[in-house]
>>> print(open('my_file_0.csv').read())   # CSV, C-alpha atoms
chain,number,residue,atom,x,y,z
A,418,MET,CA,107.9,79.6,109.3
A,419,LYS,CA,106.3,82.2,111.6
A,420,SER,CA,103.3,84.3,110.7
A,421,SER,CA,101.3,87.0,112.4
A,422,VAL,CA,97.7,87.9,111.8
A,423,ILE,CA,96.7,91.4,112.9
A,424,ILE,CA,93.2,91.7,114.5
A,425,PHE,CA,91.4,95.0,114.3
A,426,PRO,CA,88.1,95.7,115.9
A,427,GLY,CA,85.7,94.4,113.2
A,428,SER,CA,88.1,92.0,111.5
A,429,ASN,CA,86.1,88.8,110.9
A,430,CYS,CA,88.4,86.6,108.7
A,431,ASP,CA,91.2,86.5,111.2
A,432,ARG,CA,90.4,83.1,112.7
A,433,ASP,CA,89.8,81.5,109.2
A,434,MET,CA,93.2,82.9,108.3
A,435,ASP,CA,94.7,81.4,111.4
A,436,VAL,CA,93.3,78.0,110.6
A,437,ALA,CA,94.6,78.2,107.0
A,438,LEU,CA,98.1,79.3,108.0
A,439,LYS,CA,98.4,76.5,110.6
A,440,LYS,CA,97.0,73.9,108.3
A,441,PHE,CA,99.8,74.5,105.9
A,442,GLY,CA,102.6,74.6,108.4
A,443,PHE,CA,102.9,78.2,109.6
A,444,LYS,CA,103.4,78.8,113.3
A,445,ASN,CA,100.9,81.6,113.6
A,446,GLN,CA,100.3,84.1,116.2
A,447,MET,CA,97.4,86.6,116.6
A,448,VAL,CA,98.4,90.3,117.2
A,449,TRP,CA,96.0,92.9,118.6
A,450,HIS,CA,95.9,96.3,116.7
A,451,ASN,CA,96.7,98.2,119.9
A,452,ASP,CA,100.0,96.4,120.4
A,453,GLN,CA,103.2,98.4,119.7
A,454,SER,CA,105.2,95.7,118.1
A,455,ILE,CA,104.9,92.4,116.1
A,456,PRO,CA,106.6,89.2,117.2
A,457,LYS,CA,109.3,87.9,114.9
A,458,SER,CA,107.5,86.8,111.7
A,459,ASP,CA,108.2,85.7,108.2
A,460,LEU,CA,104.8,86.8,107.1
A,461,ILE,CA,102.3,89.4,108.3
A,462,VAL,CA,98.7,89.0,107.3
A,463,LEU,CA,96.0,91.8,107.4
A,464,PRO,CA,92.8,89.8,107.4
A,465,GLY,CA,89.4,90.5,105.9
A,466,GLY,CA,86.4,92.0,107.7
A,467,PHE,CA,85.1,95.5,108.5
A,468,SER,CA,87.8,97.1,110.5
A,469,TYR,CA,86.4,100.0,112.6
A,470,GLY,CA,83.1,99.4,111.0
A,471,ASP,CA,84.4,100.7,107.6
A,472,TYR,CA,84.0,104.2,109.0
A,473,LEU,CA,85.2,107.2,106.9
A,474,ARG,CA,86.6,104.9,104.2
A,475,CYS,CA,87.3,101.1,104.3
A,476,GLY,CA,90.6,100.6,105.9
A,477,SER,CA,91.3,104.3,106.6
A,478,ILE,CA,91.1,104.1,110.4
A,479,ALA,CA,93.0,100.8,110.6
A,480,SER,CA,95.7,102.4,108.5
A,481,LYS,CA,96.4,104.8,111.3
A,482,SER,CA,96.2,102.3,114.2
A,483,LYS,CA,99.0,101.8,116.7
A,484,ILE,CA,100.3,98.5,115.2
A,485,ILE,CA,100.5,99.8,111.6
A,486,LYS,CA,103.9,101.6,112.0
A,487,SER,CA,105.4,98.2,112.7
A,488,VAL,CA,103.7,96.7,109.7
A,489,ILE,CA,105.0,99.5,107.4
A,490,ASP,CA,108.5,99.1,108.8
A,491,PHE,CA,108.4,95.4,108.3
A,492,ALA,CA,107.2,95.8,104.7
A,493,ASN,CA,109.8,98.5,104.0
A,494,SER,CA,112.5,96.2,105.2
A,495,GLY,CA,111.4,93.6,102.7
A,496,GLY,CA,109.1,91.5,104.9
A,497,LEU,CA,106.1,89.7,103.4
A,498,VAL,CA,102.8,91.4,104.0
A,499,LEU,CA,99.6,89.9,102.7
A,500,GLY,CA,96.3,91.8,102.8
A,501,ILE,CA,93.1,90.0,102.0
A,502,CYS,CA,89.9,91.9,101.2
A,503,ASN,CA,89.7,94.6,104.0
A,504,GLY,CA,93.5,93.9,104.5
A,505,PHE,CA,94.0,95.0,100.8
A,506,GLN,CA,91.9,98.1,101.5
A,507,ILE,CA,94.1,98.9,104.6
A,508,LEU,CA,97.3,98.4,102.5
A,509,THR,CA,96.1,101.0,100.0
A,510,GLU,CA,95.2,103.4,102.7
A,511,THR,CA,98.7,103.1,104.3
A,512,GLY,CA,100.3,103.8,100.9
A,513,LEU,CA,102.1,100.5,100.8
A,514,LEU,CA,100.1,99.7,97.7
A,515,PRO,CA,98.9,102.3,95.2
A,516,GLY,CA,95.3,103.1,94.3
A,517,ILE,CA,92.1,102.6,96.3
A,518,LEU,CA,89.2,100.1,96.5
A,519,GLN,CA,86.0,101.9,95.7
A,520,GLN,CA,82.4,100.8,96.0
A,521,ASN,CA,81.4,98.1,93.5
A,522,LYS,CA,80.2,99.5,90.2
A,523,TYR,CA,76.6,98.3,90.6
A,524,LEU,CA,76.4,99.2,94.3
A,525,ASN,CA,75.8,95.6,95.3
A,526,PHE,CA,77.6,93.5,97.9
A,527,ILE,CA,79.1,90.6,96.0
A,528,CYS,CA,79.5,87.2,97.7
A,529,LYS,CA,80.4,84.4,95.3
A,530,ASN,CA,83.1,82.2,93.9
A,531,VAL,CA,85.1,83.7,91.1
A,532,PHE,CA,88.0,82.7,88.9
A,533,VAL,CA,91.2,84.6,89.0
A,534,LYS,CA,94.2,84.5,86.6
A,535,VAL,CA,97.7,84.5,88.0
A,536,LYS,CA,99.4,87.3,86.0
A,537,ASP,CA,102.8,87.4,87.7
A,538,LYS,CA,104.9,84.6,89.2
A,539,GLN,CA,108.1,86.5,89.9
A,540,ASN,CA,107.1,86.8,93.5
A,541,LYS,CA,107.1,84.7,96.7
A,542,TYR,CA,103.3,84.3,96.6
A,543,PHE,CA,102.7,82.8,93.2
A,544,LYS,CA,106.2,81.5,92.1
A,545,ASN,CA,105.8,77.8,91.2
A,546,ILE,CA,102.0,77.7,91.7
A,547,LYS,CA,100.6,74.7,89.9
A,548,LYS,CA,97.6,76.4,88.3
A,549,GLU,CA,97.2,79.5,86.1
A,550,ILE,CA,93.5,80.0,87.0
A,551,LEU,CA,92.3,79.7,90.6
A,552,GLU,CA,88.8,79.5,91.9
A,553,LEU,CA,88.5,81.6,95.0
A,554,HIS,CA,85.8,83.4,96.9
A,555,ILE,CA,85.0,87.1,97.1
A,556,ALA,CA,82.7,88.9,99.6
A,557,HIS,CA,82.9,92.6,99.4
A,558,ASN,CA,81.1,95.9,98.8
A,559,GLU,CA,84.2,97.9,98.0
A,560,GLY,CA,86.4,95.9,95.7
A,561,ASN,CA,86.4,98.2,92.6
A,562,TYR,CA,90.1,98.8,92.2
A,563,PHE,CA,90.9,102.3,91.0
A,564,CYS,CA,94.1,104.2,90.4
A,565,SER,CA,95.5,107.0,88.1
A,566,GLU,CA,96.5,106.3,84.5
A,567,ASP,CA,100.2,106.8,85.4
A,568,GLU,CA,99.9,104.3,88.3
A,569,ILE,CA,98.1,101.6,86.1
A,570,LYS,CA,100.9,102.0,83.5
A,571,SER,CA,103.5,101.6,86.2
A,572,LEU,CA,101.7,98.5,87.6
A,573,GLU,CA,101.6,97.0,84.1
A,574,ASP,CA,105.2,97.9,83.2
A,575,ASN,CA,106.6,96.4,86.4
A,576,ASN,CA,104.4,93.3,86.4
A,577,GLN,CA,102.8,94.3,89.7
A,578,ILE,CA,99.3,93.1,88.7
A,579,ALA,CA,99.2,89.8,90.6
A,580,VAL,CA,95.7,88.4,89.8
A,581,THR,CA,92.8,89.5,87.6
A,582,TYR,CA,89.1,88.4,87.5
A,583,CYS,CA,88.4,86.0,84.7
A,584,ASN,CA,86.2,83.1,83.7
A,585,GLU,CA,87.2,79.4,83.9
A,586,ASN,CA,89.0,79.7,80.6
A,587,GLY,CA,91.1,82.7,81.8
A,588,ASN,CA,89.3,85.4,79.8
A,589,ASP,CA,89.9,88.5,82.0
A,590,ASP,CA,87.6,90.8,80.0
A,591,ASP,CA,84.7,93.2,80.9
A,592,GLU,CA,82.2,90.3,80.9
A,593,ASN,CA,84.1,88.6,83.8
A,594,ASN,CA,84.6,91.7,85.9
A,595,PRO,CA,82.4,91.4,89.0
A,596,ASN,CA,82.9,94.9,90.5
A,597,GLY,CA,84.2,97.3,87.9
A,598,ALA,CA,87.9,97.1,88.9
A,599,ILE,CA,90.3,98.7,86.4
A,600,LYS,CA,91.8,96.0,84.1
A,601,ASN,CA,89.8,93.4,86.1
A,602,ILE,CA,92.4,93.8,88.9
A,603,ALA,CA,91.8,91.4,91.8
A,604,GLY,CA,95.2,91.8,93.4
A,605,ILE,CA,98.4,93.8,93.1
A,606,LEU,CA,101.9,93.7,94.4
A,607,ASN,CA,104.2,96.6,95.5
A,608,ASP,CA,107.2,97.4,93.4
A,609,LYS,CA,109.5,95.1,95.5
A,610,LYS,CA,106.8,92.4,95.3
A,611,ASN,CA,106.9,91.6,99.0
A,612,VAL,CA,103.5,93.2,99.7
A,613,LEU,CA,100.4,91.6,98.1
A,614,GLY,CA,96.9,92.9,98.4
A,615,MET,CA,94.0,90.9,97.0
A,616,MET,CA,90.2,90.9,97.3
A,617,PRO,CA,89.6,87.1,96.9
A,618,HIS,CA,89.9,85.0,100.0
A,619,PRO,CA,92.2,82.0,99.7
A,620,GLU,CA,91.6,81.1,103.3
A,621,ARG,CA,88.0,80.2,102.4
A,622,MET,CA,89.1,77.5,99.9
A,623,ILE,CA,91.2,75.1,101.9
A,624,ASP,CA,88.8,72.2,102.3
A,625,LYS,CA,87.5,70.0,99.5
A,626,TYR,CA,84.4,69.1,101.5
A,627,LEU,CA,83.4,72.7,102.4
A,628,SER,CA,84.4,74.8,99.4
A,629,GLY,CA,87.3,74.0,97.2
A,630,GLU,CA,91.0,73.6,97.3
A,631,ASP,CA,92.6,76.3,95.2
A,632,GLY,CA,93.3,78.3,98.4
A,633,SER,CA,95.3,75.3,99.6
A,634,LEU,CA,97.4,75.6,96.5
A,635,PHE,CA,98.1,79.2,97.4
A,636,PHE,CA,99.2,78.5,101.0
A,637,GLU,CA,101.2,75.4,100.2
A,638,ASN,CA,103.0,77.2,97.5
A,639,LEU,CA,103.6,80.3,99.7
A,640,ILE,CA,105.2,78.3,102.6
A,641,GLY,CA,107.1,76.2,100.0
A,642,ASN,CA,108.6,79.4,98.6
A,643,LEU,CA,109.6,80.7,102.1
A,644,LYS,CA,111.4,77.5,103.2
B,329,MET,CA,86.7,127.1,116.7
B,330,LYS,CA,84.5,125.1,114.4
B,331,ILE,CA,86.0,124.4,111.0
B,332,LYS,CA,83.8,122.9,108.2
B,333,VAL,CA,85.1,120.6,105.5
B,334,VAL,CA,83.5,119.0,102.5
B,335,VAL,CA,85.1,116.0,100.8
B,336,THR,CA,83.9,115.0,97.4
B,337,LEU,CA,85.1,112.6,94.7
B,338,LYS,CA,87.3,114.2,92.1
B,339,ASN,CA,85.9,115.0,88.7
B,340,GLY,CA,86.1,112.0,86.5
B,341,VAL,CA,86.0,109.5,89.3
B,342,LEU,CA,82.9,107.3,88.9
B,343,ASP,CA,80.3,108.1,91.7
B,344,PRO,CA,77.8,105.3,91.5
B,345,GLN,CA,75.8,106.6,94.5
B,346,GLY,CA,75.6,110.1,92.9
B,347,LYS,CA,74.5,108.4,89.7
B,348,ALA,CA,71.7,106.4,91.4
B,349,ILE,CA,70.5,109.6,93.2
B,350,GLN,CA,70.5,111.5,89.9
B,351,GLN,CA,68.4,108.7,88.2
B,352,THR,CA,66.0,108.7,91.2
B,353,LEU,CA,65.6,112.5,91.0
B,354,ASN,CA,64.9,112.2,87.3
B,355,GLY,CA,62.3,109.5,88.0
B,356,MET,CA,60.7,111.9,90.5
B,357,SER,CA,60.1,114.4,87.7
B,358,PHE,CA,63.2,116.5,88.4
B,359,SER,CA,64.1,115.9,84.8
B,360,ASN,CA,66.5,118.8,84.5
B,361,VAL,CA,69.1,117.2,86.9
B,362,ASP,CA,71.9,115.9,84.8
B,363,ASP,CA,74.6,115.2,87.4
B,364,VAL,CA,74.8,114.5,91.2
B,365,ARG,CA,78.0,114.1,93.2
B,366,GLN,CA,77.8,112.8,96.7
B,367,GLY,CA,80.3,113.8,99.3
B,368,LYS,CA,81.0,114.0,103.1
B,369,PHE,CA,80.7,116.9,105.4
B,370,PHE,CA,82.7,117.4,108.6
B,371,GLU,CA,82.4,119.9,111.4
B,372,ILE,CA,85.7,119.9,113.4
B,373,ASN,CA,86.0,121.7,116.7
B,374,VAL,CA,89.6,122.7,117.2
B,375,ASN,CA,90.7,124.3,120.4
B,376,GLU,CA,92.4,127.2,118.8
B,377,ASN,CA,91.6,130.9,118.6
B,378,ASP,CA,93.7,131.7,115.6
B,379,GLU,CA,91.6,130.9,112.5
B,380,ALA,CA,94.5,130.6,110.1
B,381,LYS,CA,96.3,128.2,112.5
B,382,ALA,CA,93.1,126.1,112.9
B,383,LYS,CA,92.6,125.9,109.2
B,384,SER,CA,96.1,124.9,108.5
B,385,GLN,CA,95.8,122.1,111.0
B,386,VAL,CA,92.5,121.0,109.4
B,387,GLU,CA,94.2,121.0,106.0
B,388,GLU,CA,96.8,118.6,107.4
B,389,MET,CA,93.9,116.4,108.7
B,390,CYS,CA,92.4,116.4,105.3
B,391,LYS,CA,95.6,115.3,103.6
B,392,LYS,CA,96.4,112.6,106.2
B,393,LEU,CA,93.0,111.2,107.0
B,394,LEU,CA,89.8,112.9,106.0
B,395,ALA,CA,90.3,112.6,102.3
B,396,ASN,CA,92.0,110.0,100.1
B,397,LEU,CA,93.7,112.2,97.5
B,398,VAL,CA,93.7,109.4,95.0
B,399,ILE,CA,90.0,109.9,94.4
B,400,GLU,CA,88.9,112.7,96.6
B,401,ASP,CA,89.2,116.5,96.9
B,402,TYR,CA,88.6,118.5,100.0
B,403,LYS,CA,87.4,122.0,100.5
B,404,ILE,CA,87.7,123.9,103.8
B,405,LEU,CA,84.7,126.2,104.1
>>> encode(input="my_file_0.csv", output="structure tokens")
Amino acid sequence: MKSSVIIFPGSNCDRDMDVALKKFGFKNQMVWHNDQSIPKSDLIVLPGGFSYGDYLRCGSIASKSKIIKSVIDFANSGGLVLGICNGFQILTETGLLPGILQQNKYLNFICKNVFVKVKDKQNKYFKNIKKEILELHIAHNEGNYFCSEDEIKSLEDNNQIAVTYCNENGNDDDENNPNGAIKNIAGILNDKKNVLGMMPHPERMIDKYLSGEDGSLFFENLIGNLK
Amino acid sequence: MKIKVVVTLKNGVLDPQGKAIQQTLNGMSFSNVDDVRQGKFFEINVNENDEAKAKSQVEEMCKKLLANLVIEDYKIL
């Protein structure tokens, strides 16, 4: 399985993602934002970081970069595109995913482990995953997911909410909402479910001695679903 | 020609920075301030002599980049 990680100026989770993808069997290649095309891939990843210094709005400048047209074409033809953190912000700015990530409700940068509940398994990312509740890491200032009432209804009706913030027992209520996101949304899918954007970083949870292993479950499961 | 644009959050969209500024103003004895909305201001120099043309180009810029219409409104001054 081949994957491509796009690097923007200011990306900083690109190499962590590269390590994670390779650890679980992807043949990964790094692609520079100024390139015109993406090598043949089964998965494209937009990594976390602060692309273009978060100027204007997080992800807005990256969403107009040279490489993005190829990413959008790839997604529109059914290819898997995964955006983590800043990658999620970029996906909303391109219009591949609805809504936007606003500044956290209490204006603080949040950097901690959280639990997320898997809400939909009818997709390549979470199908067959062994746990319902995953412990992952978040680190963001703009993770407060917002969209219109019509959009939230359509996300719910089509089961496009992928993961929600919760506690270790799976309660995804206000008390377990770190950033004010509507419906505790931590990640969403597009209507065809080939594009996933999420704020938590699975690539940071792939080593039991350093952090945790729920990210390993995510990547193992993903490559398993692609084979 | 210089075109000026203001981008603000739409009514009803939570503006935590505006809220913090309002509370600070209240604490500074500006007690009659009951709402603050923070926005962005752009001055765009367009090489164009026809004002209507320049403004219509800036309008395109607003829609495509300067504002995110999910949460923001723009006003060309």
>>> closest_residue(input="my_file_0.csv", among="B:Ser357, B:Asp362, B:Met329, B:Val341", to="Ile599 (chain A)", atoms="all atoms listed in the file")
B:Val341
>>> closest_residue(input="my_file_0.csv", among="B:Phe370, B:Ile399, B:Val386, B:Glu379", to="Val333 (chain B)", atoms="only C-alpha atoms")
B:Phe370
>>> closest_atom_pairs(input="my_file_0.csv", of="chain B", to="chain A", cutoff="10 Å", atoms="only C-alpha atoms", output="Markdown table")
| residue | atom | partner | partner_atom | distance |
| --- | --- | --- | --- | --- |
| B:Val341 | CA | A:Phe563 | CA | 8.9 |
| B:Leu342 | CA | A:Lys522 | CA | 8.4 |
| B:Asp343 | CA | A:Gln520 | CA | 8.7 |
| B:Pro344 | CA | A:Lys522 | CA | 6.4 |
| B:Gln345 | CA | A:Leu524 | CA | 7.4 |
| B:Ala348 | CA | A:Leu524 | CA | 9.1 |
| B:Lys368 | CA | A:Leu473 | CA | 8.8 |
| B:Lys392 | CA | A:Lys481 | CA | 9.3 |
| B:Leu393 | CA | A:Ser477 | CA | 7.1 |
| B:Leu394 | CA | A:Leu473 | CA | 7.4 |
| B:Ala395 | CA | A:Leu473 | CA | 8.7 |
| B:Asn396 | CA | A:Glu510 | CA | 7.8 |
| B:Leu397 | CA | A:Gly516 | CA | 9.8 |
| B:Val398 | CA | A:Gly516 | CA | 6.5 |
| B:Ile399 | CA | A:Ile517 | CA | 7.8 |
>>> residues_around(input="my_file_0.csv", residues="Asp459 (chain A)", least_positions_apart="6", cutoff="10 Å", atoms="all atoms listed in the file", output="PDB file with C-alpha atoms, keeping the file's coordinate frame")
ATOM      1  CA  MET A 418     107.900  79.600 109.300  1.00  0.00           C
ATOM      2  CA  LYS A 419     106.300  82.200 111.600  1.00  0.00           C
ATOM      3  CA  SER A 420     103.300  84.300 110.700  1.00  0.00           C
ATOM      4  CA  SER A 421     101.300  87.000 112.400  1.00  0.00           C
ATOM      5  CA  PHE A 443     102.900  78.200 109.600  1.00  0.00           C
ATOM      6  CA  LYS A 444     103.400  78.800 113.300  1.00  0.00           C
ATOM      7  CA  ASN A 445     100.900  81.600 113.600  1.00  0.00           C
ATOM      8  CA  PHE A 491     108.400  95.400 108.300  1.00  0.00           C
ATOM      9  CA  GLY A 496     109.100  91.500 104.900  1.00  0.00           C
ATOM     10  CA  LEU A 497     106.100  89.700 103.400  1.00  0.00           C
ATOM     11  CA  VAL A 498     102.800  91.400 104.000  1.00  0.00           C
ATOM     12  CA  ILE A 640     105.200  78.300 102.600  1.00  0.00           C
ATOM     13  CA  LEU A 643     109.600  80.700 102.100  1.00  0.00           C
TER      14      LEU A 643
END
>>> residues_around(input="my_file_0.csv", residues="region 575-582 of chain A", least_positions_apart="6", cutoff="9 Å", atoms="all atoms listed in the file", output="JSON, numbers by chain")
{"A": [531, 532, 533, 534, 535, 536, 537, 538, 539, 540, 543, 569, 588, 589, 590, 593, 594, 595, 598, 600, 601, 602, 603, 604, 605, 606, 607, 608, 609, 610, 613, 614, 615]}
>>> atom_distance(input="my_file_0.csv", atom1="CA of Trp449 (chain A)", atom2="CA of Asn558 (chain A)")
25.0 Å
>>> residues_around(input="my_file_0.csv", residues="Ser384 (chain B)", least_positions_apart="5", cutoff="12 Å", atoms="all atoms listed in the file", output="number ranges by chain")
B: 331, 374, 376, 378-379, 389-391, 404
>>> atom_distance(input="my_file_0.csv", atom1="CA of Ile546 (chain A)", atom2="CA of Ile501 (chain A)")
18.3 Å
>>> residues_around(input="my_file_0.csv", residues="region 620-622 of chain A", least_positions_apart="4", cutoff="12 Å", atoms="only C-alpha atoms", output="VMD selection string")
chain A and resid 430 to 441 462 464 to 465 499 to 502 528 to 531 551 to 556 615 to 616 626 to 637
>>> atom_distance(input="my_file_0.csv", atom1="CA of Ile527 (chain A)", atom2="CA of His618 (chain A)")
12.8 Å
>>> decode(input="my_file_0.csv", residues="region 581-596 of chain A", atoms="N, CA, C and O atoms", output="PDB file, in the first residue's frame")
ATOM      1  N   THR A 581     -16.195  11.325  18.322  1.00  0.00           N
ATOM      2  CA  THR A 581     -16.573  12.433  19.211  1.00  0.00           C
ATOM      3  C   THR A 581     -15.729  12.358  20.486  1.00  0.00           C
ATOM      4  O   THR A 581     -15.300  11.275  20.894  1.00  0.00           O
ATOM      5  N   TYR A 582     -15.499  13.516  21.099  1.00  0.00           N
ATOM      6  CA  TYR A 582     -14.777  13.555  22.378  1.00  0.00           C
ATOM      7  C   TYR A 582     -15.665  12.960  23.462  1.00  0.00           C
ATOM      8  O   TYR A 582     -16.867  13.222  23.515  1.00  0.00           O
ATOM      9  N   CYS A 583     -15.057  12.156  24.341  1.00  0.00           N
ATOM     10  CA  CYS A 583     -15.835  11.517  25.398  1.00  0.00           C
ATOM     11  C   CYS A 583     -14.910  11.254  26.591  1.00  0.00           C
ATOM     12  O   CYS A 583     -13.735  11.623  26.569  1.00  0.00           O
ATOM     13  N   ASN A 584     -15.444  10.613  27.624  1.00  0.00           N
ATOM     14  CA  ASN A 584     -14.562  10.167  28.702  1.00  0.00           C
ATOM     15  C   ASN A 584     -14.258   8.679  28.505  1.00  0.00           C
ATOM     16  O   ASN A 584     -14.660   8.088  27.496  1.00  0.00           O
ATOM     17  N   GLU A 585     -13.567   8.078  29.467  1.00  0.00           N
ATOM     18  CA  GLU A 585     -13.128   6.690  29.267  1.00  0.00           C
ATOM     19  C   GLU A 585     -14.299   5.712  29.179  1.00  0.00           C
ATOM     20  O   GLU A 585     -14.150   4.600  28.688  1.00  0.00           O
ATOM     21  N   ASN A 586     -15.484   6.178  29.649  1.00  0.00           N
ATOM     22  CA  ASN A 586     -16.673   5.319  29.547  1.00  0.00           C
ATOM     23  C   ASN A 586     -17.498   5.574  28.292  1.00  0.00           C
ATOM     24  O   ASN A 586     -18.542   4.962  28.094  1.00  0.00           O
ATOM     25  N   GLY A 587     -17.054   6.540  27.507  1.00  0.00           N
ATOM     26  CA  GLY A 587     -17.761   6.790  26.253  1.00  0.00           C
ATOM     27  C   GLY A 587     -18.856   7.840  26.337  1.00  0.00           C
ATOM     28  O   GLY A 587     -19.646   7.981  25.404  1.00  0.00           O
ATOM     29  N   ASN A 588     -18.921   8.587  27.458  1.00  0.00           N
ATOM     30  CA  ASN A 588     -19.931   9.659  27.532  1.00  0.00           C
ATOM     31  C   ASN A 588     -19.456  10.861  26.722  1.00  0.00           C
ATOM     32  O   ASN A 588     -18.516  11.544  27.128  1.00  0.00           O
ATOM     33  N   ASP A 589     -20.134  11.103  25.600  1.00  0.00           N
ATOM     34  CA  ASP A 589     -19.703  12.248  24.777  1.00  0.00           C
ATOM     35  C   ASP A 589     -20.619  13.444  25.023  1.00  0.00           C
ATOM     36  O   ASP A 589     -21.303  13.911  24.126  1.00  0.00           O
ATOM     37  N   ASP A 590     -20.621  13.903  26.275  1.00  0.00           N
ATOM     38  CA  ASP A 590     -21.471  15.034  26.654  1.00  0.00           C
ATOM     39  C   ASP A 590     -20.640  16.304  26.825  1.00  0.00           C
ATOM     40  O   ASP A 590     -19.436  16.311  26.608  1.00  0.00           O
ATOM     41  N   ASP A 591     -21.333  17.387  27.238  1.00  0.00           N
ATOM     42  CA  ASP A 591     -20.668  18.700  27.384  1.00  0.00           C
ATOM     43  C   ASP A 591     -19.468  18.654  28.313  1.00  0.00           C
ATOM     44  O   ASP A 591     -18.465  19.321  28.097  1.00  0.00           O
ATOM     45  N   GLU A 592     -19.593  17.855  29.378  1.00  0.00           N
ATOM     46  CA  GLU A 592     -18.508  17.783  30.356  1.00  0.00           C
ATOM     47  C   GLU A 592     -17.210  17.256  29.755  1.00  0.00           C
ATOM     48  O   GLU A 592     -16.127  17.516  30.270  1.00  0.00           O
ATOM     49  N   ASN A 593     -17.343  16.481  28.692  1.00  0.00           N
ATOM     50  CA  ASN A 593     -16.155  15.882  28.089  1.00  0.00           C
ATOM     51  C   ASN A 593     -15.835  16.502  26.732  1.00  0.00           C
ATOM     52  O   ASN A 593     -15.279  15.854  25.851  1.00  0.00           O
ATOM     53  N   ASN A 594     -16.197  17.770  26.616  1.00  0.00           N
ATOM     54  CA  ASN A 594     -15.936  18.501  25.380  1.00  0.00           C
ATOM     55  C   ASN A 594     -14.785  19.486  25.633  1.00  0.00           C
ATOM     56  O   ASN A 594     -14.959  20.474  26.326  1.00  0.00           O
ATOM     57  N   PRO A 595     -13.596  19.211  25.095  1.00  0.00           N
ATOM     58  CA  PRO A 595     -12.447  20.042  25.471  1.00  0.00           C
ATOM     59  C   PRO A 595     -12.438  21.432  24.833  1.00  0.00           C
ATOM     60  O   PRO A 595     -11.827  22.349  25.373  1.00  0.00           O
ATOM     61  N   ASN A 596     -13.097  21.585  23.663  1.00  0.00           N
ATOM     62  CA  ASN A 596     -12.878  22.826  22.907  1.00  0.00           C
ATOM     63  C   ASN A 596     -14.148  23.524  22.446  1.00  0.00           C
ATOM     64  O   ASN A 596     -14.067  24.544  21.764  1.00  0.00           O
TER      65      ASN A 596
END
